[in-house]
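Participant: Below you'll find structure.cif; it's mmCIF, C-alpha atoms and all ligand atoms.
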```cif
data_coords
loop_
_atom_site.label_atom_id
_atom_site.label_comp_id
_atom_site.auth_asym_id
_atom_site.auth_seq_id
_atom_site.Cartn_x
_atom_site.Cartn_y
_atom_site.Cartn_z
CA MET A 910 -16.83 -28.36 66.22
CA THR A 911 -14.36 -29.88 68.63
CA LEU A 912 -10.65 -30.25 68.13
CA ALA A 913 -11.03 -34.00 67.52
CA GLU A 914 -13.57 -33.39 64.75
CA LEU A 915 -11.26 -30.86 63.21
CA GLU A 916 -8.36 -33.33 63.20
CA ASN A 917 -10.62 -35.93 61.52
CA ALA A 918 -11.68 -33.47 58.84
CA LYS A 919 -8.04 -32.71 58.19
CA ALA A 920 -7.06 -36.37 57.88
CA GLU A 921 -9.99 -36.96 55.53
CA SER A 922 -9.07 -34.05 53.26
CA LEU A 923 -5.41 -35.11 53.10
CA LYS A 924 -6.55 -38.58 52.00
CA GLU A 925 -8.70 -37.09 49.25
CA ILE A 926 -5.83 -34.91 48.07
CA ALA A 927 -3.47 -37.86 47.95
CA ALA A 928 -6.00 -39.82 45.91
CA ALA A 929 -6.57 -37.07 43.33
CA ASN A 930 -4.83 -38.22 40.20
CA ASP A 931 -5.59 -35.63 37.57
CA ALA A 932 -5.70 -31.85 37.32
CA ALA A 933 -9.52 -31.77 37.28
CA ALA A 934 -9.69 -33.70 40.54
CA VAL A 935 -7.16 -31.36 42.17
CA GLU A 936 -9.18 -28.35 40.98
CA ALA A 937 -12.38 -29.84 42.39
CA LEU A 938 -10.65 -30.32 45.74
CA ARG A 939 -9.31 -26.78 45.62
CA VAL A 940 -12.86 -25.49 45.21
CA LYS A 941 -14.17 -27.85 47.89
CA TYR A 942 -11.60 -26.88 50.51
CA VAL A 943 -10.23 -23.41 49.82
CA GLY A 944 -12.78 -21.99 47.36
CA ARG A 945 -14.96 -19.12 48.46
CA ASN A 946 -17.59 -21.46 49.89
CA GLY A 947 -15.04 -24.15 50.70
CA SER A 948 -14.83 -25.93 54.00
CA ILE A 949 -11.61 -24.31 55.27
CA PRO A 950 -12.99 -20.74 55.13
CA ALA A 951 -16.11 -22.17 56.81
CA LEU A 952 -13.93 -23.74 59.50
CA ILE A 953 -12.18 -20.47 60.14
CA LYS A 954 -15.58 -18.81 60.54
CA ALA A 955 -16.62 -21.61 62.88
CA MET A 956 -13.66 -20.97 65.17
CA LYS A 957 -15.91 -18.88 67.34
CA ASP A 958 -17.83 -22.05 68.28
CA VAL A 959 -14.68 -23.94 69.35
CA PRO A 960 -14.42 -24.14 73.14
CA LYS A 961 -12.20 -21.37 74.41
CA GLU A 962 -9.43 -23.67 75.78
CA GLU A 963 -9.13 -25.48 72.45
CA ARG A 964 -9.09 -22.37 70.32
CA PRO A 965 -5.33 -21.78 70.02
CA ALA A 966 -4.69 -25.40 68.99
CA GLY A 967 -7.72 -25.32 66.69
CA GLY A 968 -6.48 -22.16 65.03
CA GLY A 969 -3.18 -23.88 64.33
CA SER A 970 -5.00 -26.79 62.66
CA SER A 971 -7.42 -24.85 60.50
CA GLY A 972 -4.79 -22.44 59.23
CA GLU A 973 -1.42 -23.30 57.82
CA LYS A 974 1.13 -24.32 60.41
CA PRO A 975 3.69 -21.50 60.41
CA VAL A 976 6.91 -23.51 60.64
CA ASP A 977 8.07 -27.04 61.09
CA ALA A 978 11.66 -25.97 61.61
CA ASP A 979 13.73 -25.53 64.73
CA LEU A 980 13.06 -21.96 65.81
CA THR A 981 16.33 -21.80 67.69
CA LEU A 982 18.34 -22.12 64.46
CA PRO A 983 20.10 -18.90 63.43
CA GLY A 984 18.27 -16.86 60.78
CA ARG A 985 19.36 -16.75 57.15
CA TRP A 986 21.92 -14.00 56.36
CA TRP A 987 21.06 -12.11 53.21
CA GLY A 988 24.02 -9.75 53.46
CA LEU A 989 23.97 -6.02 54.09
CA GLY A 990 24.23 -3.76 51.07
CA VAL A 991 26.84 -1.02 50.93
CA LYS A 992 26.53 2.51 49.60
CA HIS A 993 28.05 3.05 46.18
CA PRO A 994 31.43 4.84 46.43
CA LEU A 995 30.09 7.78 44.38
CA SER A 996 27.15 8.19 46.77
CA ARG A 997 29.56 7.99 49.69
CA VAL A 998 31.80 10.73 48.34
CA ILE A 999 28.77 12.95 47.62
CA GLU A 1000 27.27 12.37 51.06
CA GLU A 1001 30.58 12.88 52.88
CA THR A 1002 31.22 16.08 50.92
CA ALA A 1003 27.76 17.37 51.83
CA ALA A 1004 28.43 16.55 55.49
CA ILE A 1005 31.87 18.23 55.52
CA PHE A 1006 30.61 21.42 53.85
CA GLY A 1007 27.45 21.23 55.96
CA ARG A 1008 29.67 21.77 59.00
CA LEU A 1009 30.88 25.00 57.34
CA GLY A 1010 27.35 26.28 56.74
CA PHE A 1011 26.92 25.13 53.12
CA THR A 1012 23.64 23.66 51.95
CA VAL A 1013 23.06 21.41 48.94
CA ALA A 1014 21.57 22.93 45.77
CA ASP A 1015 20.24 20.98 42.83
CA GLY A 1016 19.74 21.72 39.16
CA PRO A 1017 18.54 19.93 36.02
CA GLU A 1018 20.82 17.83 33.83
CA LEU A 1019 19.27 19.32 30.70
CA GLU A 1020 20.44 22.93 30.66
CA THR A 1021 20.24 26.06 28.59
CA LYS A 1022 23.22 27.42 26.70
CA PHE A 1023 22.94 30.56 28.83
CA ASN A 1024 23.29 28.76 32.18
CA ASN A 1025 25.94 26.29 31.08
CA PHE A 1026 28.12 28.63 29.02
CA THR A 1027 27.08 32.25 28.44
CA ALA A 1028 26.39 33.31 32.03
CA LEU A 1029 29.61 31.56 33.03
CA ASN A 1030 31.47 33.97 30.78
CA THR A 1031 32.41 31.32 28.25
CA PRO A 1032 33.49 32.94 24.96
CA ALA A 1033 31.28 32.08 21.98
CA HIS A 1034 34.10 30.24 20.20
CA HIS A 1035 35.15 28.14 23.21
CA PRO A 1036 35.93 24.53 22.18
CA SER A 1037 33.77 23.06 24.98
CA MET A 1038 30.69 24.36 23.12
CA ASP A 1039 31.56 22.37 20.06
CA ARG A 1040 29.04 19.78 18.82
CA SER A 1041 31.76 17.16 19.12
CA ASP A 1042 32.32 17.92 22.82
CA THR A 1043 28.81 18.54 24.14
CA PHE A 1044 25.51 16.68 23.75
CA TRP A 1045 23.26 19.30 22.17
CA PHE A 1046 19.48 19.12 21.78
CA GLY A 1047 18.85 21.90 19.28
CA GLU A 1048 20.39 25.36 19.47
CA ASP A 1049 19.80 26.22 23.09
CA CYS A 1050 19.49 22.99 25.01
CA LEU A 1051 22.24 20.61 26.12
CA LEU A 1052 23.22 18.01 28.68
CA ARG A 1053 25.19 20.09 31.18
CA THR A 1054 28.95 19.69 30.79
CA GLN A 1055 29.62 20.81 34.37
CA THR A 1056 27.72 21.54 37.58
CA SER A 1057 28.69 25.23 37.33
CA PRO A 1058 25.26 26.20 35.85
CA VAL A 1059 23.75 25.47 39.27
CA GLN A 1060 25.77 28.50 40.49
CA ILE A 1061 23.88 30.62 38.01
CA ARG A 1062 20.49 29.21 38.98
CA THR A 1063 21.25 29.63 42.69
CA MET A 1064 22.41 33.23 42.33
CA MET A 1065 19.45 34.17 40.12
CA ALA A 1066 17.02 32.78 42.69
CA ASN A 1067 18.69 34.10 45.86
CA LYS A 1068 20.40 37.12 47.36
CA PRO A 1069 23.84 36.89 49.01
CA PRO A 1070 25.13 35.52 51.32
CA ILE A 1071 25.11 32.22 49.45
CA ARG A 1072 26.91 29.05 50.52
CA VAL A 1073 26.06 26.00 48.43
CA ILE A 1074 27.53 22.86 47.07
CA CYS A 1075 25.91 21.32 44.00
CA PRO A 1076 26.51 17.63 43.35
CA GLY A 1077 25.21 16.02 40.19
CA ARG A 1078 25.64 14.25 36.89
CA THR A 1079 27.48 15.88 34.02
CA TYR A 1080 27.98 14.86 30.39
CA ARG A 1081 30.70 15.21 27.79
CA ARG A 1082 31.19 13.50 24.47
CA ASP A 1083 34.20 11.55 25.70
CA THR A 1084 35.03 8.05 24.60
CA THR A 1085 35.07 5.80 27.62
CA ASP A 1086 38.43 4.50 28.83
CA ALA A 1087 40.09 3.91 32.21
CA THR A 1088 39.89 7.59 33.17
CA HIS A 1089 37.08 9.01 30.99
CA SER A 1090 33.35 8.49 30.85
CA ALA A 1091 30.72 10.36 28.85
CA ASN A 1092 28.62 10.59 31.99
CA PHE A 1093 30.33 11.44 35.26
CA HIS A 1094 29.66 13.45 38.42
CA GLN A 1095 30.89 16.75 39.73
CA ILE A 1096 30.45 18.76 42.89
CA GLU A 1097 30.39 22.51 42.57
CA GLY A 1098 30.89 24.92 45.46
CA LEU A 1099 29.94 28.57 45.67
CA TYR A 1100 30.27 31.22 48.37
CA VAL A 1101 29.13 34.79 47.69
CA ASP A 1102 28.85 37.53 50.27
CA THR A 1103 28.44 41.28 50.60
CA LYS A 1104 31.50 41.38 52.86
CA PRO A 1105 34.85 40.81 51.16
CA VAL A 1106 35.66 37.18 50.32
CA SER A 1107 39.26 36.28 49.54
CA LEU A 1108 41.38 33.56 47.98
CA ALA A 1109 42.60 32.84 51.53
CA ASP A 1110 39.00 31.98 52.54
CA LEU A 1111 38.81 29.60 49.58
CA LYS A 1112 42.11 27.99 50.49
CA SER A 1113 41.18 27.46 54.12
CA VAL A 1114 37.84 25.86 53.20
CA LEU A 1115 39.44 23.53 50.65
CA ALA A 1116 42.24 22.64 53.10
CA TYR A 1117 39.60 21.66 55.66
CA PHE A 1118 37.79 19.61 53.02
CA ALA A 1119 41.05 17.87 51.97
CA LYS A 1120 41.83 16.87 55.55
CA GLU A 1121 38.31 15.69 56.33
CA MET A 1122 37.91 13.74 53.07
CA MET A 1123 41.40 12.26 52.68
CA GLY A 1124 42.80 12.18 56.21
CA ASP A 1125 45.24 13.97 58.51
CA GLY A 1126 48.37 15.29 56.84
CA VAL A 1127 46.54 16.08 53.59
CA THR A 1128 46.43 19.75 52.63
CA VAL A 1129 46.10 21.81 49.43
CA ARG A 1130 48.22 23.83 47.08
CA PHE A 1131 47.05 26.24 44.39
CA ARG A 1132 48.53 26.53 40.89
CA PRO A 1133 47.56 29.40 38.58
CA HIS A 1134 45.15 28.38 35.85
CA PHE A 1135 42.35 29.76 33.67
CA PHE A 1136 38.61 29.27 33.86
CA PRO A 1137 36.26 31.71 32.14
CA PHE A 1138 34.03 32.07 35.21
CA THR A 1139 36.72 32.81 37.82
CA GLU A 1140 39.44 35.43 38.07
CA PRO A 1141 41.99 34.63 39.33
CA SER A 1142 41.61 30.90 38.70
CA VAL A 1143 43.57 28.07 40.22
CA GLU A 1144 44.00 24.36 39.96
CA VAL A 1145 43.88 22.67 43.32
CA ASP A 1146 46.15 19.79 44.31
CA PHE A 1147 45.80 17.65 47.44
CA THR A 1148 48.84 16.26 49.23
CA CYS A 1149 49.12 12.63 48.11
CA HIS A 1150 47.24 10.80 50.86
CA VAL A 1151 49.27 7.61 50.31
CA CYS A 1152 52.81 8.98 50.85
CA LYS A 1153 51.74 12.20 52.64
CA GLY A 1154 53.75 14.25 50.15
CA LYS A 1155 56.99 12.26 50.08
CA GLY A 1156 56.49 10.99 46.52
CA CYS A 1157 55.23 7.56 45.46
CA ASN A 1158 53.76 5.75 42.47
CA VAL A 1159 50.23 7.02 43.13
CA CYS A 1160 51.30 10.69 42.82
CA LYS A 1161 53.94 9.95 40.18
CA GLN A 1162 56.62 10.94 42.72
CA SER A 1163 55.36 14.54 42.93
CA GLY A 1164 53.73 14.34 46.37
CA TRP A 1165 50.59 16.06 44.98
CA ILE A 1166 47.41 14.95 43.21
CA GLU A 1167 45.37 17.31 41.03
CA VAL A 1168 41.81 17.38 42.28
CA ALA A 1169 39.79 20.52 41.56
CA GLY A 1170 39.42 23.79 39.73
CA ALA A 1171 38.60 26.95 41.65
CA GLY A 1172 38.89 30.71 41.82
CA MET A 1173 37.24 34.01 42.69
CA VAL A 1174 33.91 34.47 40.88
CA ASP A 1175 34.49 36.64 37.81
CA PRO A 1176 32.70 40.04 38.06
CA ARG A 1177 31.11 39.36 34.65
CA VAL A 1178 29.36 36.30 36.08
CA PHE A 1179 27.89 38.53 38.81
CA GLY A 1180 26.75 40.88 36.05
CA HIS A 1181 24.95 38.04 34.24
CA VAL A 1182 22.94 37.08 37.33
CA GLY A 1183 22.00 40.64 38.22
CA TYR A 1184 24.41 41.16 41.16
CA ASP A 1185 26.42 44.34 41.47
CA PRO A 1186 30.09 43.25 41.12
CA GLU A 1187 31.12 46.29 43.17
CA LYS A 1188 29.06 45.10 46.12
CA VAL A 1189 29.60 41.33 46.23
CA SER A 1190 32.53 38.96 46.01
CA GLY A 1191 32.91 35.21 46.25
CA TYR A 1192 34.73 32.06 45.37
CA ALA A 1193 33.76 28.93 43.45
CA PHE A 1194 35.26 25.51 43.02
CA GLY A 1195 34.43 22.29 41.23
CA PHE A 1196 35.75 18.76 41.27
CA GLY A 1197 34.99 15.33 39.87
CA VAL A 1198 33.34 12.86 42.23
CA GLU A 1199 34.82 9.88 40.36
CA ARG A 1200 38.29 11.38 40.72
CA ILE A 1201 37.95 11.73 44.50
CA ALA A 1202 36.49 8.20 44.78
CA MET A 1203 39.30 6.77 42.65
CA ILE A 1204 42.10 8.32 44.68
CA LYS A 1205 40.39 7.79 48.04
CA TYR A 1206 39.67 4.11 47.49
CA GLY A 1207 42.55 3.34 45.10
CA ILE A 1208 40.28 2.46 42.14
CA PRO A 1209 42.38 2.19 38.96
CA ASP A 1210 39.58 2.18 36.35
CA ILE A 1211 36.60 4.57 36.22
CA ARG A 1212 34.47 1.92 34.49
CA TRP A 1213 34.42 -0.18 37.65
CA LEU A 1214 32.25 2.55 39.18
CA TYR A 1215 29.47 1.90 36.68
CA GLU A 1216 29.47 -1.88 36.32
CA ASN A 1217 27.68 -2.66 39.59
CA ASP A 1218 29.86 -5.71 40.09
CA VAL A 1219 29.21 -6.83 43.65
CA ARG A 1220 32.67 -8.44 43.86
CA PHE A 1221 34.15 -4.94 43.47
CA LEU A 1222 31.60 -2.91 45.43
CA SER A 1223 31.61 -5.22 48.46
CA GLN A 1224 35.36 -4.67 48.89
CA LEU A 1225 34.64 -1.05 49.74
CA ALA A 1226 32.27 -1.94 52.58
N1 LIG A 1301 33.49 23.61 35.83
C1 LIG A 1301 34.91 23.28 35.84
C2 LIG A 1301 35.15 22.03 34.99
O1 LIG A 1301 34.23 21.33 34.70
C3 LIG A 1301 35.37 23.04 37.25
C4 LIG A 1301 35.43 24.32 38.00
C5 LIG A 1301 36.58 25.07 37.96
C6 LIG A 1301 34.35 24.78 38.70
C7 LIG A 1301 36.67 26.26 38.64
C8 LIG A 1301 34.42 25.99 39.37
C9 LIG A 1301 35.59 26.72 39.34
O2 LIG A 1301 33.40 26.50 40.05
O3 LIG A 1301 35.63 27.89 40.01
O4 LIG A 1301 36.26 21.77 34.65
#
```
Please express the file's structure as structure tokens.
Facilitator:
Amino acid sequence: MTLAELENAKAESLKEIAAANDAAAVEALRVKYVGRNGSIPALIKAMKDVPKEERPAGGGSSGEKPVDADLTLPGRWWGLGVKHPLSRVIEETAAIFGRLGFTVADGPELETKFNNFTALNTPAHHPSMDRSDTFWFGEDCLLRTQTSPVQIRTMMANKPPIRVICPGRTYRRDTTDATHSANFHQIEGLYVDTKPVSLADLKSVLAYFAKEMMGDGVTVRFRPHFFPFTEPSVEVDFTCHVCKGKGCNVCKQSGWIEVAGAGMVDPRVFGHVGYDPEKVSGYAFGFGVERIAMIKYGIPDIRWLYENDVRFLSQLA
């Protein structure tokens, strides 16, 4: 078939299509032209008989013309997505601690009582175990209330030295308001070694993290505290990154913002995972991802982090 014949066939078929005035007629034309034995598939097969010089033009006629538009027009912009602030904090934390030799460990959200409480030296009567504070599934199974059980899993599966951070979801029976959510995220850190590890090591690592995450001029201070799984335990404050410690509304004029809990791993925890407390020492820390995201990006309400409102998320691009 020549190009001229092809053009005629096309004009003929367009006429027939225009003349079809009910659904049955359109269906008959569909079968005639594009059905399995229709004439367009036959044409495509017949392309091999079209003279070589006419083939590119013929191909354009038998198939659908790709575009009628001006190819020099700029493309359509669909917008680039941005990473969610929680993912960004988790990824940045992994990168910062990665530079210090820490790897990322993972654990399940559904945990045993042993890993979430007992092995972490939590006394049997501790209020956090209460049915009104924790989502329990039977006697021994719960939605983890903290990422600390990943410490236990990591130590049980490995020998020191251990350097891990463990990001993940955690659950508490909190009512949701501007600063609480029943599901939130934490990042746990753990360093255990057979050579002596000190509180000074912990402080230097957290000071590096504070500076890398929040900017120059941000450092840490420790305040004595209590956690069942660390002894001594501290609460960790970062210098307020907005006023650099001078005092402003963000830090309620104190110059400091409370960020994490930390301490030296309690010897009883080592006992629970089968380590000899005389031979190993280490530190641990844990902080809320939402908290870091909220202070870093100035987000006043935790719920904004879960609503997936593009008007909010795109401001953090
Ligand atoms: N698990 C603690 C919490 O949820 C945070 C924490 C404090 C983790 C001290 C630690 C630590 O590893 O040493 O409040």
Participant: Quick one: pull the distance between CA of Phe1131 in chain A and CA of Ala1033 in chain A, Å, one decimal.
Facilitator: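 Pair CA of Phe1131 in chain A / CA of Ala1033 in chain A returns 28.0 Å.
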Participant: Using only C-alpha atoms and all ligand atoms, find the one residue out of A:Asp1110, A:Glu1144, A:Asp931, A:Asp1125 that sits nearest to ligand LIG 1301 (chain A).
Facilitator: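 Of all the options, A:Glu1144 lies closest to ligand LIG 1301 (chain A).
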Participant: Hey, could you make a per-residue contact list for chain A against ligand LIG 1301 (chain A) with 7 Å as the cut-off, showing the nearest pair of atoms and its distance in Å to one decimal, counting all atoms listed in the file, sorted by chain and number, as JSON lines?
Facilitator:
```
{"residue": "A:Thr1054", "atom": "CA", "partner": "A:LIG1301", "partner_atom": "O1", "distance": 6.8}
{"residue": "A:Gln1055", "atom": "CA", "partner": "A:LIG1301", "partner_atom": "O1", "distance": 4.7}
{"residue": "A:Thr1056", "atom": "CA", "partner": "A:LIG1301", "partner_atom": "N1", "distance": 6.4}
{"residue": "A:Ser1057", "atom": "CA", "partner": "A:LIG1301", "partner_atom": "N1", "distance": 5.3}
{"residue": "A:Glu1097", "atom": "CA", "partner": "A:LIG1301", "partner_atom": "O2", "distance": 5.6}
{"residue": "A:Gly1098", "atom": "CA", "partner": "A:LIG1301", "partner_atom": "O2", "distance": 6.2}
{"residue": "A:Leu1099", "atom": "CA", "partner": "A:LIG1301", "partner_atom": "O2", "distance": 6.9}
{"residue": "A:Phe1136", "atom": "CA", "partner": "A:LIG1301", "partner_atom": "C7", "distance": 6.0}
{"residue": "A:Phe1138", "atom": "CA", "partner": "A:LIG1301", "partner_atom": "O3", "distance": 6.6}
{"residue": "A:Thr1139", "atom": "CA", "partner": "A:LIG1301", "partner_atom": "O3", "distance": 5.5}
{"residue": "A:Ser1142", "atom": "CA", "partner": "A:LIG1301", "partner_atom": "C7", "distance": 6.8}
{"residue": "A:Ala1169", "atom": "CA", "partner": "A:LIG1301", "partner_atom": "C5", "distance": 6.6}
{"residue": "A:Gly1170", "atom": "CA", "partner": "A:LIG1301", "partner_atom": "C5", "distance": 3.6}
{"residue": "A:Ala1171", "atom": "CA", "partner": "A:LIG1301", "partner_atom": "O3", "distance": 3.5}
{"residue": "A:Gly1172", "atom": "CA", "partner": "A:LIG1301", "partner_atom": "O3", "distance": 4.7}
{"residue": "A:Met1173", "atom": "CA", "partner": "A:LIG1301", "partner_atom": "O3", "distance": 6.9}
{"residue": "A:Val1174", "atom": "CA", "partner": "A:LIG1301", "partner_atom": "O3", "distance": 6.9}
{"residue": "A:Tyr1192", "atom": "CA", "partner": "A:LIG1301", "partner_atom": "O3", "distance": 6.9}
{"residue": "A:Ala1193", "atom": "CA", "partner": "A:LIG1301", "partner_atom": "O3", "distance": 4.1}
{"residue": "A:Phe1194", "atom": "CA", "partner": "A:LIG1301", "partner_atom": "O2", "distance": 3.6}
{"residue": "A:Gly1195", "atom": "CA", "partner": "A:LIG1301", "partner_atom": "C6", "distance": 3.6}
{"residue": "A:Phe1196", "atom": "CA", "partner": "A:LIG1301", "partner_atom": "C3", "distance": 5.9}
```
Participant: Tell me which of A:Lys957, A:Arg1130, A:Arg1081, A:Lys1161 sits closest to Ser1113 in chain A, counting only C-alpha atoms.
Facilitator: A:Arg1130
Participant: Select, from A:Leu1115, A:Trp1213, A:Val991, A:Gly1207, the residue with the minimum atom-to-atom distance to Asn1158 in chain A, counting all atoms listed in the file.
Facilitator: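 Nearest candidate to Asn1158 in chain A out of A:Leu1115, A:Trp1213, A:Val991, A:Gly1207: A:Gly1207.
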Participant: Would you mind telling me which residue in A:Met1064, A:Leu1019, A:Leu952, A:Val940 lies nearest to Asp1049 in chain A when using only C-alpha atoms?
Facilitator: A:Leu1019
Participant: Restricting the calculation to only C-alpha atoms: of A:Ala1087, A:Val1145, A:Ile953, A:Ile1071, which residue gets closest to Asp1210 in chain A?
Facilitator: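 Between A:Ala1087, A:Val1145, A:Ile953, A:Ile1071, the residue approaching Asp1210 in chain A most closely is A:Ala1087.
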Participant: Name the closest residue to Tyr1117 in chain A among the candidates A:Ile1005, A:Lys919, A:Ala1066, A:Val1178; distances are taken between atoms, counting all atoms listed in the file.
Facilitator: A:Ile1005
Participant: At a cut-off of 10 Å, using all atoms listed in the file, what residues contact Leu1009 in chain A? Leave out same-chain residues fewer than 6 positions from it and give the result as a list in words.
Facilitator: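 Near neighbours after the sequence-gap exclusion: Ala1003, Arg1072, Val1114, Tyr1117 and Phe1118 of chain A.
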Participant: Can you list, as a list in words, every protein, DNA or RNA residue that comes within 12 Å of range 942-945 of chain A when you count only C-alpha atoms, leaving out same-chain residues fewer than 5 positions away?
Facilitator: Ala918, Lys919, Glu921, Ser922, Leu923, Glu925, Ile926, Val935, Glu936, Ala937, Pro950, Ala951, Leu952, Ile953, Ser971, Gly972 and Glu973 of chain A
Participant: Expressed in Å to a single decimal, how great is the separation between CA of Tyr1100 in chain A and CA of Pro1036 in chain A?
Facilitator: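 Between CA of Tyr1100 in chain A and CA of Pro1036 in chain A the gap is 27.6 Å.
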Participant: Please, what distance in Å, to one decimal, runs between CA of Gln1224 in chain A and CA of Gly1197 in chain A?
Facilitator: 21.9 Å
Participant: Which neighbours of Glu1048 in chain A fall inside 12 Å, counting all atoms listed in the file, when residues of the same chain fewer than 5 positions from it are skipped, and could you give them as a PyMOL selection string?
Facilitator: chain A and resi 1020-1023+1038-1040+1043
Participant: Find the residues around Phe1147 in chain A up to 7 Å (all atoms listed in the file counted), leave out those fewer than 2 positions away in its own chain, and share them as a PyMOL selection string.
Facilitator: chain A and resi 1119+1127-1130+1145+1149+1165-1168
Participant: Please rebuild range 1012-1018 of chain A with all heavy atoms and return the result as a tab-separated table (two decimals), in the coordinates of the input.
Facilitator:
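Done, and the output landed in out.tsv:
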```
chain	number	residue	atom	x	y	z
A	1012	THR	N	24.76	24.56	52.20
A	1012	THR	CA	23.64	23.66	51.95
A	1012	THR	C	23.80	23.06	50.55
A	1012	THR	O	24.66	23.49	49.78
A	1012	THR	CB	22.28	24.39	52.03
A	1012	THR	OG1	22.33	25.51	51.15
A	1012	THR	CG2	22.00	24.87	53.44
A	1013	VAL	N	22.95	22.09	50.23
A	1013	VAL	CA	23.06	21.41	48.94
A	1013	VAL	C	22.02	21.98	47.98
A	1013	VAL	O	20.85	22.07	48.30
A	1013	VAL	CB	22.84	19.88	49.11
A	1013	VAL	CG1	22.82	19.19	47.75
A	1013	VAL	CG2	23.93	19.29	49.99
A	1014	ALA	N	22.48	22.43	46.80
A	1014	ALA	CA	21.57	22.93	45.77
A	1014	ALA	C	21.56	21.95	44.61
A	1014	ALA	O	22.53	21.22	44.38
A	1014	ALA	CB	22.03	24.30	45.29
A	1015	ASP	N	20.45	21.95	43.90
A	1015	ASP	CA	20.24	20.98	42.83
A	1015	ASP	C	19.86	21.71	41.55
A	1015	ASP	O	19.31	22.81	41.60
A	1015	ASP	CB	19.07	20.08	43.27
A	1015	ASP	CG	19.10	18.77	42.55
A	1015	ASP	OD1	20.08	18.50	41.85
A	1015	ASP	OD2	18.11	18.02	42.68
A	1016	GLY	N	20.16	21.11	40.42
A	1016	GLY	CA	19.74	21.72	39.16
A	1016	GLY	C	19.51	20.63	38.14
A	1016	GLY	O	19.93	19.49	38.34
A	1017	PRO	N	18.85	20.96	37.02
A	1017	PRO	CA	18.54	19.93	36.02
A	1017	PRO	C	19.76	19.52	35.20
A	1017	PRO	O	20.70	20.30	35.05
A	1017	PRO	CB	17.51	20.63	35.13
A	1017	PRO	CG	17.85	22.07	35.24
A	1017	PRO	CD	18.39	22.29	36.62
A	1018	GLU	N	19.71	18.30	34.67
A	1018	GLU	CA	20.82	17.83	33.83
A	1018	GLU	C	20.71	18.39	32.41
A	1018	GLU	O	21.70	18.50	31.70
A	1018	GLU	CB	20.85	16.30	33.82
A	1018	GLU	CG	21.28	15.77	35.18
A	1018	GLU	CD	21.02	14.30	35.40
A	1018	GLU	OE1	21.07	13.55	34.42
A	1018	GLU	OE2	20.77	13.92	36.55
```
